[in-house]
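Structure data follow from protein-v3.pdb (PDB, C-alpha atoms):
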```pdb
ATOM      1  CA  MET A  29     -60.955 -61.193  96.656  1.00  0.00           C
ATOM      2  CA  SER A  30     -63.762 -59.262  98.304  1.00  0.00           C
ATOM      3  CA  LEU A  31     -65.011 -55.878  97.206  1.00  0.00           C
ATOM      4  CA  ASP A  32     -63.559 -54.316 100.356  1.00  0.00           C
ATOM      5  CA  GLN A  33     -60.045 -55.298  99.294  1.00  0.00           C
ATOM      6  CA  LEU A  34     -60.263 -53.470  95.976  1.00  0.00           C
ATOM      7  CA  THR A  35     -58.752 -50.034  95.601  1.00  0.00           C
ATOM      8  CA  THR A  36     -60.787 -47.088  94.360  1.00  0.00           C
ATOM      9  CA  THR A  37     -59.516 -47.416  90.796  1.00  0.00           C
ATOM     10  CA  ASP A  38     -60.288 -51.132  90.773  1.00  0.00           C
ATOM     11  CA  ARG A  39     -63.816 -50.414  91.945  1.00  0.00           C
ATOM     12  CA  LEU A  40     -64.317 -47.896  89.136  1.00  0.00           C
ATOM     13  CA  ASP A  41     -63.115 -50.363  86.517  1.00  0.00           C
ATOM     14  CA  ILE A  42     -65.655 -53.042  87.452  1.00  0.00           C
ATOM     15  CA  ALA A  43     -68.453 -51.883  85.129  1.00  0.00           C
ATOM     16  CA  PRO A  44     -67.861 -48.768  83.050  1.00  0.00           C
ATOM     17  CA  GLU A  45     -71.377 -48.627  81.622  1.00  0.00           C
ATOM     18  CA  GLY A  46     -72.496 -45.875  79.276  1.00  0.00           C
ATOM     19  CA  HIS A  47     -74.147 -43.799  82.001  1.00  0.00           C
ATOM     20  CA  ARG A  48     -70.881 -43.819  83.951  1.00  0.00           C
ATOM     21  CA  THR A  49     -68.748 -42.525  81.097  1.00  0.00           C
ATOM     22  CA  GLY A  50     -70.805 -39.437  80.208  1.00  0.00           C
ATOM     23  CA  MET A  51     -70.979 -40.419  76.538  1.00  0.00           C
ATOM     24  CA  THR A  52     -74.774 -40.670  76.593  1.00  0.00           C
ATOM     25  CA  SER A  53     -75.042 -37.058  77.672  1.00  0.00           C
ATOM     26  CA  LEU A  54     -72.494 -35.994  75.072  1.00  0.00           C
ATOM     27  CA  ALA A  55     -74.327 -37.804  72.257  1.00  0.00           C
ATOM     28  CA  LEU A  56     -77.725 -36.418  73.259  1.00  0.00           C
ATOM     29  CA  GLY A  57     -76.357 -32.879  73.621  1.00  0.00           C
ATOM     30  CA  ALA A  58     -74.654 -33.051  70.248  1.00  0.00           C
ATOM     31  CA  GLY A  59     -77.920 -34.309  68.766  1.00  0.00           C
ATOM     32  CA  ALA A  60     -79.808 -31.363  70.257  1.00  0.00           C
ATOM     33  CA  VAL A  61     -77.393 -28.868  68.708  1.00  0.00           C
ATOM     34  CA  LEU A  62     -77.303 -30.677  65.350  1.00  0.00           C
ATOM     35  CA  VAL A  63     -81.090 -30.715  65.177  1.00  0.00           C
ATOM     36  CA  LEU A  64     -81.041 -26.921  65.476  1.00  0.00           C
ATOM     37  CA  GLY A  65     -78.824 -26.830  62.397  1.00  0.00           C
ATOM     38  CA  SER A  66     -81.542 -28.578  60.395  1.00  0.00           C
ATOM     39  CA  LEU A  67     -83.738 -25.464  60.529  1.00  0.00           C
ATOM     40  CA  PRO A  68     -83.255 -24.374  56.891  1.00  0.00           C
ATOM     41  CA  ILE A  69     -83.936 -27.865  55.509  1.00  0.00           C
ATOM     42  CA  LEU A  70     -86.394 -29.481  57.938  1.00  0.00           C
ATOM     43  CA  PRO A  71     -87.836 -26.759  60.192  1.00  0.00           C
ATOM     44  CA  TYR A  72     -90.094 -29.050  62.232  1.00  0.00           C
ATOM     45  CA  LEU A  73     -87.162 -31.283  63.156  1.00  0.00           C
ATOM     46  CA  VAL A  74     -86.080 -28.441  65.456  1.00  0.00           C
ATOM     47  CA  PHE A  75     -88.769 -29.532  67.901  1.00  0.00           C
ATOM     48  CA  LEU A  76     -86.587 -32.556  68.706  1.00  0.00           C
ATOM     49  CA  ALA A  77     -84.079 -30.188  70.336  1.00  0.00           C
ATOM     50  CA  LEU A  78     -86.304 -29.933  73.412  1.00  0.00           C
ATOM     51  CA  PRO A  79     -86.433 -33.632  74.380  1.00  0.00           C
ATOM     52  CA  LEU A  80     -82.815 -34.219  73.302  1.00  0.00           C
ATOM     53  CA  GLY A  81     -81.615 -31.227  75.320  1.00  0.00           C
ATOM     54  CA  VAL A  82     -83.554 -32.248  78.417  1.00  0.00           C
ATOM     55  CA  ALA A  83     -82.309 -35.826  78.127  1.00  0.00           C
ATOM     56  CA  ALA A  84     -78.703 -34.618  77.712  1.00  0.00           C
ATOM     57  CA  VAL A  85     -78.861 -32.414  80.793  1.00  0.00           C
ATOM     58  CA  VAL A  86     -80.548 -35.093  82.904  1.00  0.00           C
ATOM     59  CA  SER A  87     -78.121 -37.784  81.740  1.00  0.00           C
ATOM     60  CA  GLY A  88     -75.091 -35.553  82.363  1.00  0.00           C
ATOM     61  CA  VAL A  89     -76.220 -34.551  85.829  1.00  0.00           C
ATOM     62  CA  ARG A  90     -77.039 -38.160  86.688  1.00  0.00           C
ATOM     63  CA  ALA A  91     -73.595 -39.255  85.493  1.00  0.00           C
ATOM     64  CA  LEU A  92     -71.846 -36.542  87.506  1.00  0.00           C
ATOM     65  CA  ARG A  93     -73.841 -37.304  90.641  1.00  0.00           C
ATOM     66  CA  GLY A  94     -73.283 -41.029  90.199  1.00  0.00           C
ATOM     67  CA  GLY A  95     -69.527 -40.640  89.894  1.00  0.00           C
ATOM     68  CA  VAL A  96     -68.388 -40.823  86.302  1.00  0.00           C
ATOM     69  CA  VAL A  97     -65.300 -42.842  85.501  1.00  0.00           C
ATOM     70  CA  GLY A  98     -62.206 -40.723  84.976  1.00  0.00           C
ATOM     71  CA  PRO A  99     -61.644 -37.132  83.920  1.00  0.00           C
ATOM     72  CA  SER A 100     -62.661 -37.836  80.329  1.00  0.00           C
ATOM     73  CA  GLY A 101     -66.061 -38.996  81.593  1.00  0.00           C
ATOM     74  CA  ARG A 102     -66.501 -35.808  83.578  1.00  0.00           C
ATOM     75  CA  ALA A 103     -65.505 -33.742  80.547  1.00  0.00           C
ATOM     76  CA  ALA A 104     -67.971 -35.664  78.364  1.00  0.00           C
ATOM     77  CA  SER A 105     -70.741 -35.121  80.926  1.00  0.00           C
ATOM     78  CA  VAL A 106     -70.062 -31.402  81.261  1.00  0.00           C
ATOM     79  CA  THR A 107     -69.833 -31.017  77.484  1.00  0.00           C
ATOM     80  CA  GLY A 108     -73.104 -32.932  77.091  1.00  0.00           C
ATOM     81  CA  ILE A 109     -74.800 -30.714  79.675  1.00  0.00           C
ATOM     82  CA  THR A 110     -73.500 -27.624  77.893  1.00  0.00           C
ATOM     83  CA  LEU A 111     -74.614 -28.806  74.453  1.00  0.00           C
ATOM     84  CA  GLY A 112     -77.979 -29.903  75.834  1.00  0.00           C
ATOM     85  CA  SER A 113     -78.445 -26.490  77.432  1.00  0.00           C
ATOM     86  CA  LEU A 114     -77.561 -24.806  74.142  1.00  0.00           C
ATOM     87  CA  GLY A 115     -80.136 -27.016  72.423  1.00  0.00           C
ATOM     88  CA  LEU A 116     -82.771 -25.980  74.958  1.00  0.00           C
ATOM     89  CA  LEU A 117     -81.840 -22.320  74.630  1.00  0.00           C
ATOM     90  CA  GLY A 118     -81.923 -22.527  70.833  1.00  0.00           C
ATOM     91  CA  TRP A 119     -85.301 -24.250  70.928  1.00  0.00           C
ATOM     92  CA  ALA A 120     -86.683 -21.577  73.254  1.00  0.00           C
ATOM     93  CA  CYS A 121     -85.326 -18.750  71.080  1.00  0.00           C
ATOM     94  CA  LEU A 122     -86.728 -20.254  67.884  1.00  0.00           C
ATOM     95  CA  THR A 123     -90.103 -20.851  69.504  1.00  0.00           C
ATOM     96  CA  LEU A 124     -90.195 -17.248  70.711  1.00  0.00           C
ATOM     97  CA  LEU A 125     -89.132 -16.006  67.279  1.00  0.00           C
ATOM     98  CA  TRP A 126     -91.858 -18.059  65.566  1.00  0.00           C
ATOM     99  CA  PHE A 127     -94.405 -16.687  68.017  1.00  0.00           C
ATOM    100  CA  LEU A 128     -93.315 -13.079  67.442  1.00  0.00           C
ATOM    101  CA  VAL A 129     -93.341 -13.507  63.667  1.00  0.00           C
ATOM    102  CA  ALA A 130     -96.820 -15.046  63.824  1.00  0.00           C
ATOM    103  CA  GLN A 131     -98.028 -12.105  65.927  1.00  0.00           C
ATOM    104  CA  ALA A 132     -96.480  -9.558  63.553  1.00  0.00           C
ATOM    105  CA  VAL A 133     -97.941 -11.238  60.461  1.00  0.00           C
ATOM    106  CA  SER A 134    -101.422 -11.531  61.959  1.00  0.00           C
ATOM    107  CA  HIS A 135    -101.657  -7.782  62.751  1.00  0.00           C
TER
END
```
Starting from the file, lay out its structure as structure tokens.
Amino acid sequence: MSLDQLTTTDRLDIAPEGHRTGMTSLALGAGAVLVLGSLPILPYLVFLALPLGVAAVVSGVRALRGGVVGPSGRAASVTGITLGSLGLLGWACLTLLWFLVAQAVSH
């Protein structure tokens, strides 16, 4: 059976790798948000939210552009992008807050 004879659903089922299911983006985005929650215990761990958030957004966009497998894959990619964006936003807000506090304390 040649590849041309396969239907669309058969072609999607050939190799459902991790980047085609959106789970990588979801895991990275969840990691970015969870790292923000570590602020009271391990404040410097928050700096991991930046690379995790960027990786989640990039992985989610790549999965969506590459054609994720099934609606659950699209939902996982979109959720990963959202969580990654929240991680980036949280990182930016905390960095700004630390900067403002440092400025206020120094004057």
Item checked: Picked residues, the PyMOL selection byres ((chain A and resi 102) around 10), as a list in words -> Arg48, Thr49, Gly50, Met51, Gly88, Ala91, Leu92, Gly95, Val96, Val97, Gly98, Pro99, Ser100, Gly101, Ala103, Ala104, Ser105, Val106, Thr107 and Gly108 of chain A
Note to self: Here's the selection I'm unsure about, the PyMOL selection byres ((chain A and resi 72-87) around 9); applied to the file above, which residues does it give, as a PyMOL selection string?
What the structure shows: chain A and resi 47+50+52-67+69-71+88-92+105-106+108-120+122-123
Edge lengths and centre in Å to one decimal, as JSON, is what I'm after for the box along x, y and z that holds all listed atoms of range 56-66 of chain A once 3 Å is added on each side.
```
{"center_x": -78.1, "center_y": -31.6, "center_z": 67.0, "size_x": 12.9, "size_y": 15.6, "size_z": 19.2}
```
